[in-house]
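S.K.: So here's input.cif, just mmCIF, N, CA and C atoms:
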data_entry
#
loop_
_atom_site.label_atom_id
_atom_site.label_comp_id
_atom_site.auth_asym_id
_atom_site.auth_seq_id
_atom_site.Cartn_x
_atom_site.Cartn_y
_atom_site.Cartn_z
N MET U 28 12.89 -19.03 7.54
CA MET U 28 12.37 -18.16 6.50
C MET U 28 13.20 -18.38 5.23
N GLU U 29 12.54 -18.55 4.12
CA GLU U 29 13.22 -18.92 2.89
C GLU U 29 13.67 -17.74 2.02
N LYS U 30 13.72 -16.56 2.57
CA LYS U 30 14.17 -15.36 1.85
C LYS U 30 13.36 -15.13 0.57
N GLU U 31 12.05 -15.14 0.73
CA GLU U 31 11.13 -14.91 -0.41
C GLU U 31 11.46 -13.62 -1.16
N TRP U 32 11.86 -12.61 -0.43
CA TRP U 32 12.11 -11.28 -1.03
C TRP U 32 13.18 -11.32 -2.11
N LEU U 33 14.04 -12.32 -2.09
CA LEU U 33 15.07 -12.43 -3.13
C LEU U 33 14.49 -12.92 -4.46
N LYS U 34 13.32 -13.54 -4.39
CA LYS U 34 12.67 -14.08 -5.60
C LYS U 34 11.56 -13.15 -6.12
N GLU U 35 11.23 -12.12 -5.36
CA GLU U 35 10.15 -11.21 -5.74
C GLU U 35 10.69 -9.98 -6.47
N PRO U 36 9.86 -9.36 -7.31
CA PRO U 36 10.29 -8.10 -7.93
C PRO U 36 10.27 -6.99 -6.87
N ASN U 37 11.01 -5.93 -7.10
CA ASN U 37 11.03 -4.79 -6.19
C ASN U 37 9.87 -3.84 -6.45
N ARG U 38 9.20 -4.03 -7.58
CA ARG U 38 8.05 -3.19 -7.94
C ARG U 38 7.08 -4.01 -8.78
N LYS U 39 5.79 -3.79 -8.54
CA LYS U 39 4.76 -4.45 -9.34
C LYS U 39 3.60 -3.47 -9.52
N GLU U 40 3.15 -3.32 -10.76
CA GLU U 40 1.99 -2.47 -11.05
C GLU U 40 0.87 -3.35 -11.59
N PHE U 41 -0.35 -2.99 -11.24
CA PHE U 41 -1.51 -3.73 -11.75
C PHE U 41 -2.74 -2.84 -11.62
N THR U 42 -3.82 -3.25 -12.27
CA THR U 42 -5.10 -2.56 -12.18
C THR U 42 -6.09 -3.51 -11.54
N TYR U 43 -6.85 -2.99 -10.61
CA TYR U 43 -7.89 -3.78 -9.95
C TYR U 43 -9.15 -2.93 -9.87
N ARG U 44 -10.22 -3.43 -10.46
CA ARG U 44 -11.52 -2.75 -10.46
C ARG U 44 -11.41 -1.30 -10.95
N GLY U 45 -10.53 -1.09 -11.91
CA GLY U 45 -10.37 0.22 -12.52
C GLY U 45 -9.39 1.15 -11.82
N TYR U 46 -8.79 0.71 -10.73
CA TYR U 46 -7.83 1.53 -9.99
C TYR U 46 -6.40 1.09 -10.31
N HIS U 47 -5.54 2.08 -10.53
CA HIS U 47 -4.11 1.79 -10.73
C HIS U 47 -3.50 1.53 -9.36
N CYS U 48 -2.77 0.43 -9.27
CA CYS U 48 -2.17 0.00 -8.01
C CYS U 48 -0.69 -0.30 -8.24
N PHE U 49 0.09 -0.15 -7.19
CA PHE U 49 1.46 -0.63 -7.30
C PHE U 49 2.05 -0.97 -5.94
N ILE U 50 3.02 -1.84 -6.02
CA ILE U 50 3.76 -2.30 -4.85
C ILE U 50 5.20 -1.89 -5.05
N GLN U 51 5.80 -1.35 -4.01
CA GLN U 51 7.20 -0.88 -4.09
C GLN U 51 7.96 -1.38 -2.87
N ARG U 52 9.16 -1.90 -3.09
CA ARG U 52 10.00 -2.33 -1.99
C ARG U 52 10.77 -1.13 -1.44
N HIS U 53 10.80 -1.01 -0.12
CA HIS U 53 11.60 0.03 0.53
C HIS U 53 13.05 -0.41 0.42
N MET U 54 13.86 0.40 -0.22
CA MET U 54 15.22 -0.02 -0.56
C MET U 54 16.16 -0.11 0.65
N GLN U 55 15.91 0.65 1.72
CA GLN U 55 16.79 0.57 2.89
C GLN U 55 16.44 -0.59 3.82
N LEU U 56 15.14 -0.86 4.01
CA LEU U 56 14.73 -1.89 4.96
C LEU U 56 14.20 -3.17 4.31
N GLY U 57 13.80 -3.09 3.05
CA GLY U 57 13.40 -4.28 2.31
C GLY U 57 11.94 -4.68 2.40
N HIS U 58 11.16 -3.99 3.20
CA HIS U 58 9.73 -4.35 3.29
C HIS U 58 8.98 -3.78 2.09
N LEU U 59 7.77 -4.27 1.90
CA LEU U 59 6.94 -3.83 0.78
C LEU U 59 5.92 -2.80 1.25
N CYS U 60 5.57 -1.91 0.31
CA CYS U 60 4.55 -0.90 0.53
C CYS U 60 3.53 -1.01 -0.59
N GLY U 61 2.26 -0.78 -0.29
CA GLY U 61 1.20 -0.87 -1.28
C GLY U 61 0.49 0.45 -1.46
N TYR U 62 0.17 0.79 -2.72
CA TYR U 62 -0.43 2.08 -3.05
C TYR U 62 -1.57 1.94 -4.04
N VAL U 63 -2.51 2.90 -3.96
CA VAL U 63 -3.63 3.00 -4.88
C VAL U 63 -3.76 4.46 -5.30
N ASP U 64 -3.96 4.68 -6.60
CA ASP U 64 -4.19 6.03 -7.11
C ASP U 64 -5.69 6.28 -7.20
N LEU U 65 -6.13 7.39 -6.59
CA LEU U 65 -7.55 7.74 -6.55
C LEU U 65 -7.84 8.89 -7.50
N PRO U 66 -8.93 8.81 -8.26
CA PRO U 66 -9.31 9.90 -9.16
C PRO U 66 -9.99 11.04 -8.39
N LYS U 67 -10.14 12.17 -9.06
CA LYS U 67 -10.80 13.34 -8.46
C LYS U 67 -12.22 13.03 -7.97
N SER U 68 -12.85 12.06 -8.57
CA SER U 68 -14.23 11.72 -8.20
C SER U 68 -14.31 10.98 -6.86
N SER U 69 -13.20 10.55 -6.31
CA SER U 69 -13.21 9.81 -5.05
C SER U 69 -13.45 10.74 -3.87
N LYS U 70 -14.21 10.27 -2.90
CA LYS U 70 -14.44 11.07 -1.70
C LYS U 70 -13.17 11.18 -0.85
N PHE U 71 -12.15 10.39 -1.18
CA PHE U 71 -10.89 10.44 -0.45
C PHE U 71 -9.81 11.22 -1.21
N TYR U 72 -10.17 11.77 -2.35
CA TYR U 72 -9.24 12.54 -3.16
C TYR U 72 -8.78 13.77 -2.37
N GLY U 73 -7.47 13.93 -2.21
CA GLY U 73 -6.91 15.07 -1.50
C GLY U 73 -6.97 14.97 0.01
N VAL U 74 -7.49 13.89 0.54
CA VAL U 74 -7.60 13.72 2.00
C VAL U 74 -6.33 13.05 2.53
N ASP U 75 -5.71 13.67 3.54
CA ASP U 75 -4.51 13.09 4.13
C ASP U 75 -4.83 11.75 4.79
N TYR U 76 -3.90 10.81 4.68
CA TYR U 76 -4.14 9.44 5.15
C TYR U 76 -4.58 9.37 6.61
N TYR U 77 -4.06 10.22 7.46
CA TYR U 77 -4.37 10.14 8.89
C TYR U 77 -5.79 10.63 9.19
N LYS U 78 -6.46 11.19 8.19
CA LYS U 78 -7.85 11.61 8.35
C LYS U 78 -8.83 10.57 7.80
N ILE U 79 -8.29 9.49 7.23
CA ILE U 79 -9.13 8.42 6.67
C ILE U 79 -9.12 7.26 7.66
N SER U 80 -10.15 7.18 8.47
CA SER U 80 -10.17 6.16 9.52
C SER U 80 -11.03 4.95 9.17
N ASN U 81 -11.78 5.03 8.10
CA ASN U 81 -12.72 3.95 7.81
C ASN U 81 -12.24 2.96 6.75
N ILE U 82 -10.94 2.96 6.46
CA ILE U 82 -10.36 1.96 5.56
C ILE U 82 -9.39 1.11 6.38
N SER U 83 -9.66 -0.17 6.42
CA SER U 83 -8.83 -1.08 7.20
C SER U 83 -7.84 -1.79 6.28
N VAL U 84 -6.56 -1.63 6.59
CA VAL U 84 -5.50 -2.24 5.80
C VAL U 84 -4.34 -2.54 6.76
N HIS U 85 -3.43 -3.39 6.37
CA HIS U 85 -2.31 -3.78 7.23
C HIS U 85 -1.60 -2.56 7.81
N GLY U 86 -1.58 -2.44 9.11
CA GLY U 86 -0.88 -1.36 9.78
C GLY U 86 -1.52 0.01 9.60
N ASP U 87 -2.71 0.06 9.04
CA ASP U 87 -3.42 1.31 8.72
C ASP U 87 -2.72 2.07 7.59
N LEU U 88 -3.41 3.04 7.05
CA LEU U 88 -2.82 3.88 6.01
C LEU U 88 -1.66 4.67 6.60
N THR U 89 -0.58 4.79 5.82
CA THR U 89 0.60 5.51 6.29
C THR U 89 1.14 6.49 5.25
N TYR U 90 0.39 6.67 4.15
CA TYR U 90 0.90 7.53 3.08
C TYR U 90 -0.24 8.15 2.30
N SER U 91 -0.05 9.42 1.90
CA SER U 91 -0.93 10.09 0.95
C SER U 91 -0.16 11.24 0.31
N ASN U 92 -0.33 11.39 -0.99
CA ASN U 92 0.34 12.46 -1.73
C ASN U 92 -0.13 12.40 -3.18
N TRP U 93 0.20 13.43 -3.95
CA TRP U 93 -0.10 13.42 -5.37
C TRP U 93 0.71 12.34 -6.06
N SER U 94 0.10 11.64 -6.99
CA SER U 94 0.83 10.58 -7.70
C SER U 94 1.43 11.08 -9.00
N ASP U 95 1.08 12.32 -9.38
CA ASP U 95 1.63 12.86 -10.62
C ASP U 95 1.72 14.38 -10.52
N SER U 96 2.47 14.99 -11.38
CA SER U 96 2.68 16.43 -11.33
C SER U 96 1.44 17.23 -11.75
N THR U 97 0.51 16.58 -12.43
CA THR U 97 -0.70 17.28 -12.87
C THR U 97 -1.77 17.32 -11.78
N LYS U 98 -1.53 16.61 -10.71
CA LYS U 98 -2.45 16.53 -9.56
C LYS U 98 -3.83 16.01 -9.97
N LYS U 99 -3.82 15.06 -10.89
CA LYS U 99 -5.07 14.44 -11.32
C LYS U 99 -5.39 13.21 -10.46
N LEU U 100 -4.36 12.61 -9.87
CA LEU U 100 -4.56 11.42 -9.06
C LEU U 100 -3.96 11.63 -7.66
N TRP U 101 -4.67 11.15 -6.66
CA TRP U 101 -4.23 11.22 -5.27
C TRP U 101 -3.88 9.81 -4.84
N ARG U 102 -2.71 9.62 -4.30
CA ARG U 102 -2.21 8.29 -3.93
C ARG U 102 -2.31 8.08 -2.43
N ILE U 103 -2.87 6.94 -2.04
CA ILE U 103 -2.86 6.54 -0.63
C ILE U 103 -2.19 5.18 -0.53
N GLY U 104 -1.63 4.88 0.63
CA GLY U 104 -0.96 3.61 0.76
C GLY U 104 -0.62 3.22 2.19
N PHE U 105 0.03 2.09 2.29
CA PHE U 105 0.40 1.52 3.58
C PHE U 105 1.77 0.85 3.43
N ASP U 106 2.36 0.51 4.57
CA ASP U 106 3.65 -0.18 4.52
C ASP U 106 3.61 -1.41 5.41
N CYS U 107 4.57 -2.27 5.20
CA CYS U 107 4.68 -3.51 5.99
C CYS U 107 5.93 -3.45 6.87
N ALA U 108 6.02 -2.38 7.64
CA ALA U 108 7.14 -2.18 8.57
C ALA U 108 6.58 -1.85 9.95
N HIS U 109 5.85 -2.80 10.49
CA HIS U 109 5.24 -2.62 11.80
C HIS U 109 5.81 -3.63 12.78
N SER U 110 5.37 -3.59 14.02
CA SER U 110 6.04 -4.31 15.11
C SER U 110 6.32 -5.78 14.85
N ASP U 111 5.43 -6.50 14.21
CA ASP U 111 5.69 -7.93 13.99
C ASP U 111 6.17 -8.24 12.57
N ASP U 112 6.38 -7.21 11.75
CA ASP U 112 6.80 -7.42 10.37
C ASP U 112 8.32 -7.63 10.27
N PHE U 113 8.69 -8.60 9.47
CA PHE U 113 10.11 -8.86 9.22
C PHE U 113 10.61 -7.90 8.15
N LEU U 114 11.70 -7.21 8.45
CA LEU U 114 12.32 -6.27 7.52
C LEU U 114 13.59 -6.91 6.98
N PRO U 115 13.57 -7.38 5.73
CA PRO U 115 14.71 -8.14 5.19
C PRO U 115 16.07 -7.46 5.32
N TYR U 116 16.13 -6.14 5.21
CA TYR U 116 17.42 -5.46 5.28
C TYR U 116 17.59 -4.72 6.60
N GLY U 117 16.64 -4.90 7.51
CA GLY U 117 16.67 -4.19 8.78
C GLY U 117 17.65 -4.79 9.77
N THR U 118 17.93 -4.04 10.81
CA THR U 118 18.78 -4.56 11.88
C THR U 118 17.95 -5.48 12.75
N PHE U 119 18.60 -6.28 13.55
CA PHE U 119 17.90 -7.24 14.40
C PHE U 119 16.89 -6.54 15.30
N ALA U 120 17.23 -5.39 15.84
CA ALA U 120 16.34 -4.67 16.76
C ALA U 120 15.05 -4.19 16.08
N LEU U 121 15.09 -4.01 14.77
CA LEU U 121 13.93 -3.50 14.05
C LEU U 121 13.13 -4.57 13.34
N THR U 122 13.52 -5.81 13.48
CA THR U 122 12.93 -6.87 12.68
C THR U 122 11.97 -7.74 13.47
N GLY U 123 10.74 -7.85 12.94
CA GLY U 123 9.75 -8.74 13.52
C GLY U 123 9.92 -10.14 12.96
N THR U 124 8.87 -10.92 13.02
CA THR U 124 8.99 -12.33 12.64
C THR U 124 8.23 -12.72 11.37
N VAL U 125 7.33 -11.85 10.87
CA VAL U 125 6.49 -12.22 9.74
C VAL U 125 6.85 -11.38 8.52
N TYR U 126 7.28 -12.05 7.46
CA TYR U 126 7.54 -11.33 6.21
C TYR U 126 6.24 -11.24 5.43
N ARG U 127 5.83 -10.03 5.08
CA ARG U 127 4.61 -9.79 4.30
C ARG U 127 5.01 -9.77 2.84
N ASN U 128 4.75 -10.87 2.14
CA ASN U 128 5.22 -11.04 0.77
C ASN U 128 4.34 -10.28 -0.24
N ILE U 129 4.75 -10.32 -1.48
CA ILE U 129 4.10 -9.56 -2.53
C ILE U 129 2.64 -9.99 -2.73
N ASN U 130 2.34 -11.27 -2.55
CA ASN U 130 0.95 -11.74 -2.66
C ASN U 130 0.09 -11.18 -1.53
N TYR U 131 0.65 -11.12 -0.34
CA TYR U 131 -0.06 -10.56 0.80
C TYR U 131 -0.37 -9.09 0.54
N VAL U 132 0.62 -8.33 0.08
CA VAL U 132 0.44 -6.90 -0.16
C VAL U 132 -0.58 -6.68 -1.28
N GLU U 133 -0.52 -7.46 -2.34
CA GLU U 133 -1.50 -7.33 -3.42
C GLU U 133 -2.91 -7.59 -2.91
N ASN U 134 -3.09 -8.60 -2.08
CA ASN U 134 -4.41 -8.89 -1.51
C ASN U 134 -4.89 -7.76 -0.60
N GLN U 135 -3.98 -7.16 0.16
CA GLN U 135 -4.34 -6.02 1.00
C GLN U 135 -4.79 -4.83 0.15
N ILE U 136 -4.09 -4.59 -0.94
CA ILE U 136 -4.48 -3.51 -1.85
C ILE U 136 -5.89 -3.76 -2.40
N LYS U 137 -6.14 -4.98 -2.82
CA LYS U 137 -7.46 -5.32 -3.38
C LYS U 137 -8.56 -5.14 -2.32
N GLN U 138 -8.28 -5.54 -1.09
CA GLN U 138 -9.26 -5.35 -0.02
C GLN U 138 -9.48 -3.86 0.25
N MET U 139 -8.42 -3.07 0.15
CA MET U 139 -8.53 -1.63 0.35
C MET U 139 -9.44 -1.04 -0.73
N ILE U 140 -9.25 -1.44 -1.97
CA ILE U 140 -10.07 -0.93 -3.07
C ILE U 140 -11.53 -1.37 -2.90
N ASP U 141 -11.75 -2.60 -2.50
CA ASP U 141 -13.11 -3.06 -2.26
C ASP U 141 -13.80 -2.18 -1.21
N GLN U 142 -13.06 -1.82 -0.17
CA GLN U 142 -13.61 -0.94 0.87
C GLN U 142 -13.89 0.45 0.31
N ILE U 143 -12.97 0.98 -0.48
CA ILE U 143 -13.15 2.31 -1.08
C ILE U 143 -14.42 2.32 -1.92
N ILE U 144 -14.60 1.31 -2.74
CA ILE U 144 -15.78 1.23 -3.61
C ILE U 144 -17.06 1.19 -2.78
N GLU U 145 -17.07 0.43 -1.71
CA GLU U 145 -18.25 0.37 -0.84
C GLU U 145 -18.51 1.72 -0.19
N LEU U 146 -17.46 2.38 0.28
CA LEU U 146 -17.61 3.68 0.92
C LEU U 146 -18.04 4.76 -0.06
N GLU U 147 -17.62 4.62 -1.31
CA GLU U 147 -18.01 5.59 -2.34
C GLU U 147 -19.54 5.53 -2.57
N LYS U 148 -20.13 4.39 -2.38
CA LYS U 148 -21.59 4.23 -2.56
C LYS U 148 -22.35 5.04 -1.52
N GLU U 149 -21.71 5.35 -0.40
CA GLU U 149 -22.36 6.06 0.70
C GLU U 149 -22.34 7.57 0.52
N LYS U 150 -21.82 8.06 -0.58
CA LYS U 150 -21.73 9.51 -0.81
C LYS U 150 -23.02 10.17 -0.44
#
Any chance you could give the structure as structure tokens?

M.R.:
Amino acid sequence: MEKEWLKEPNRKEFTYRGYHCFIQRHMQLGHLCGYVDLPKSSKFYGVDYYKISNISVHGDLTYSNWSDSTKKLWRIGFDCAHSDDFLPYGTFALTGTVYRNINYVENQIKQMIDQIIELEKEK
């Protein structure tokens, strides 16, 4: 493994199909997490991640909370700290074999948004 995480930023923000997205590195274990901010108009706005079963993303959704103090946006997300995921700062016992790099996480976020948009059509 070429220690890709040393060459990547610890945070990346971008917009995809009108949704604010960001990637954040977990500072203790070194894995990446991906997030999307949902507007009030979303059918998933205010819904806890464990109640959203129809969005497929790496390791399933593992996060939901307000993204701002005004409660205008609801944030959902996932992490790359699952059984086969390599944790750059983790102990040997907690480290899998596959490092999920920033490009992988960005693609997962985009796929998540594509799914959200399709599901929103079913309102």

S.K.: Which of these, U:Asp87, U:Asp64, U:Glu31, U:Asp106, has the shortest distance to Arg52 of chain U once you count only C-alpha atoms?

M.R.: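 So, comparing all the options, the nearest one is U:Asp106.
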
S.K.: Please evaluate the PyMOL selection byres ((chain U and resi 91) around 5) against the displayed coordinates and give the resulting residues as a PyMOL selection string.

M.R.: chain U and resi 76+89-90+92-93+102-104

S.K.: Enumerate as number ranges by chain all residues of segment 93-144 of chain U assigned to strand (DSSP E) by DSSP on the backbone, naming them with the chain letters and numbers the document uses.

M.R.: U: 93, 100-106

S.K.: Mind listing the helix (DSSP H, G or I) residues of chain U, per DSSP on the backbone, as a VMD selection string?

M.R.: chain U and resid 31 to 33 76 to 78 119 to 121 129 to 147

S.K.: For the PyMOL selection byres ((chain U and resi 115) around 8), applied here, can you spell out every residue it catches as a PyMOL selection string?

M.R.: chain U and resi 30+32+55-59+112-114+116-118+122-123+126

S.K.: Rank U:His109, U:Lys70, U:Lys98, U:His85 by their smallest atom-to-atom distance to Leu146 of chain U, using only N, CA and C atoms, and report the top residue only.

M.R.: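 Result for the nearest residue to Leu146 of chain U: U:Lys70.
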
S.K.: Distance atom CA of Cys107 of chain U-atom N of Asn128 of chain U, one decimal place?

M.R.: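 Going from atom CA of Cys107 of chain U over to atom N of Asn128 of chain U covers 8.3 Å.
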
S.K.: Got a sec: who's within 8 Å of segment 37-48 of chain U, counting all atoms listed in the file, leaving out chain neighbours fewer than 2 positions off, as a ChimeraX atom specification?

M.R.: /U:32,34-35,50-53,59,61-66,136-137,140-141

S.K.: Go ahead and save the residues from that selection, with N, CA and C atoms, as a PDB file, keeping the file's coordinate frame.

M.R.:
ATOM      1  N   TRP U  32      11.860 -12.610  -0.430  1.00  0.00           N
ATOM      2  CA  TRP U  32      12.110 -11.280  -1.030  1.00  0.00           C
ATOM      3  C   TRP U  32      13.180 -11.320  -2.110  1.00  0.00           C
ATOM      4  N   LYS U  34      13.320 -13.540  -4.390  1.00  0.00           N
ATOM      5  CA  LYS U  34      12.670 -14.080  -5.600  1.00  0.00           C
ATOM      6  C   LYS U  34      11.560 -13.150  -6.120  1.00  0.00           C
ATOM      7  N   GLU U  35      11.230 -12.120  -5.360  1.00  0.00           N
ATOM      8  CA  GLU U  35      10.150 -11.210  -5.740  1.00  0.00           C
ATOM      9  C   GLU U  35      10.690  -9.980  -6.470  1.00  0.00           C
ATOM     10  N   ILE U  50       3.020  -1.840  -6.020  1.00  0.00           N
ATOM     11  CA  ILE U  50       3.760  -2.300  -4.850  1.00  0.00           C
ATOM     12  C   ILE U  50       5.200  -1.890  -5.050  1.00  0.00           C
ATOM     13  N   GLN U  51       5.800  -1.350  -4.010  1.00  0.00           N
ATOM     14  CA  GLN U  51       7.200  -0.880  -4.090  1.00  0.00           C
ATOM     15  C   GLN U  51       7.960  -1.380  -2.870  1.00  0.00           C
ATOM     16  N   ARG U  52       9.160  -1.900  -3.090  1.00  0.00           N
ATOM     17  CA  ARG U  52      10.000  -2.330  -1.990  1.00  0.00           C
ATOM     18  C   ARG U  52      10.770  -1.130  -1.440  1.00  0.00           C
ATOM     19  N   HIS U  53      10.800  -1.010  -0.120  1.00  0.00           N
ATOM     20  CA  HIS U  53      11.600   0.030   0.530  1.00  0.00           C
ATOM     21  C   HIS U  53      13.050  -0.410   0.420  1.00  0.00           C
ATOM     22  N   LEU U  59       7.770  -4.270   1.900  1.00  0.00           N
ATOM     23  CA  LEU U  59       6.940  -3.830   0.780  1.00  0.00           C
ATOM     24  C   LEU U  59       5.920  -2.800   1.250  1.00  0.00           C
ATOM     25  N   GLY U  61       2.260  -0.780  -0.290  1.00  0.00           N
ATOM     26  CA  GLY U  61       1.200  -0.870  -1.280  1.00  0.00           C
ATOM     27  C   GLY U  61       0.490   0.450  -1.460  1.00  0.00           C
ATOM     28  N   TYR U  62       0.170   0.790  -2.720  1.00  0.00           N
ATOM     29  CA  TYR U  62      -0.430   2.080  -3.050  1.00  0.00           C
ATOM     30  C   TYR U  62      -1.570   1.940  -4.040  1.00  0.00           C
ATOM     31  N   VAL U  63      -2.510   2.900  -3.960  1.00  0.00           N
ATOM     32  CA  VAL U  63      -3.630   3.000  -4.880  1.00  0.00           C
ATOM     33  C   VAL U  63      -3.760   4.460  -5.300  1.00  0.00           C
ATOM     34  N   ASP U  64      -3.960   4.680  -6.600  1.00  0.00           N
ATOM     35  CA  ASP U  64      -4.190   6.030  -7.110  1.00  0.00           C
ATOM     36  C   ASP U  64      -5.690   6.280  -7.200  1.00  0.00           C
ATOM     37  N   LEU U  65      -6.130   7.390  -6.590  1.00  0.00           N
ATOM     38  CA  LEU U  65      -7.550   7.740  -6.550  1.00  0.00           C
ATOM     39  C   LEU U  65      -7.840   8.890  -7.500  1.00  0.00           C
ATOM     40  N   PRO U  66      -8.930   8.810  -8.260  1.00  0.00           N
ATOM     41  CA  PRO U  66      -9.310   9.900  -9.160  1.00  0.00           C
ATOM     42  C   PRO U  66      -9.990  11.040  -8.390  1.00  0.00           C
ATOM     43  N   ILE U 136      -4.090  -4.590  -0.940  1.00  0.00           N
ATOM     44  CA  ILE U 136      -4.480  -3.510  -1.850  1.00  0.00           C
ATOM     45  C   ILE U 136      -5.890  -3.760  -2.400  1.00  0.00           C
ATOM     46  N   LYS U 137      -6.140  -4.980  -2.820  1.00  0.00           N
ATOM     47  CA  LYS U 137      -7.460  -5.320  -3.380  1.00  0.00           C
ATOM     48  C   LYS U 137      -8.560  -5.140  -2.320  1.00  0.00           C
ATOM     49  N   ILE U 140      -9.250  -1.440  -1.970  1.00  0.00           N
ATOM     50  CA  ILE U 140     -10.070  -0.930  -3.070  1.00  0.00           C
ATOM     51  C   ILE U 140     -11.530  -1.370  -2.900  1.00  0.00           C
ATOM     52  N   ASP U 141     -11.750  -2.600  -2.500  1.00  0.00           N
ATOM     53  CA  ASP U 141     -13.110  -3.060  -2.260  1.00  0.00           C
ATOM     54  C   ASP U 141     -13.800  -2.180  -1.210  1.00  0.00           C
TER      55      ASP U 141
END

S.K.: With distances taken over only C-alpha atoms, which residue among U:Asn81, U:Phe49, U:Asp95, U:Val74 lies nearest Gln135 of chain U?

M.R.: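 For Gln135 of chain U, the nearest of the given residues is U:Phe49.
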
S.K.: Output, as JSON, the centre and edge lengths in Å (one decimal) of the axis-aligned box that contains all listed atoms of segment 87-100 of chain U with 8 Å of margin on each side.

M.R.:
{"center_x": -1.4, "center_y": 8.7, "center_z": -1.9, "size_x": 24.1, "size_y": 33.3, "size_z": 37.9}

S.K.: Determine the nearest neighbour of Tyr72 of chain U from the options U:Leu33, U:Trp101, U:Asp111, U:Glu149, counting only C-alpha atoms.

M.R.: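 Of U:Leu33, U:Trp101, U:Asp111, U:Glu149, the one nearest Tyr72 of chain U, counting only C-alpha atoms, is U:Trp101.
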
S.K.: In Å to one decimal, how far is atom C of Leu88 of chain U from atom C of Glu147 of chain U?

M.R.: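 Interatomic distance here is 20.1 Å.
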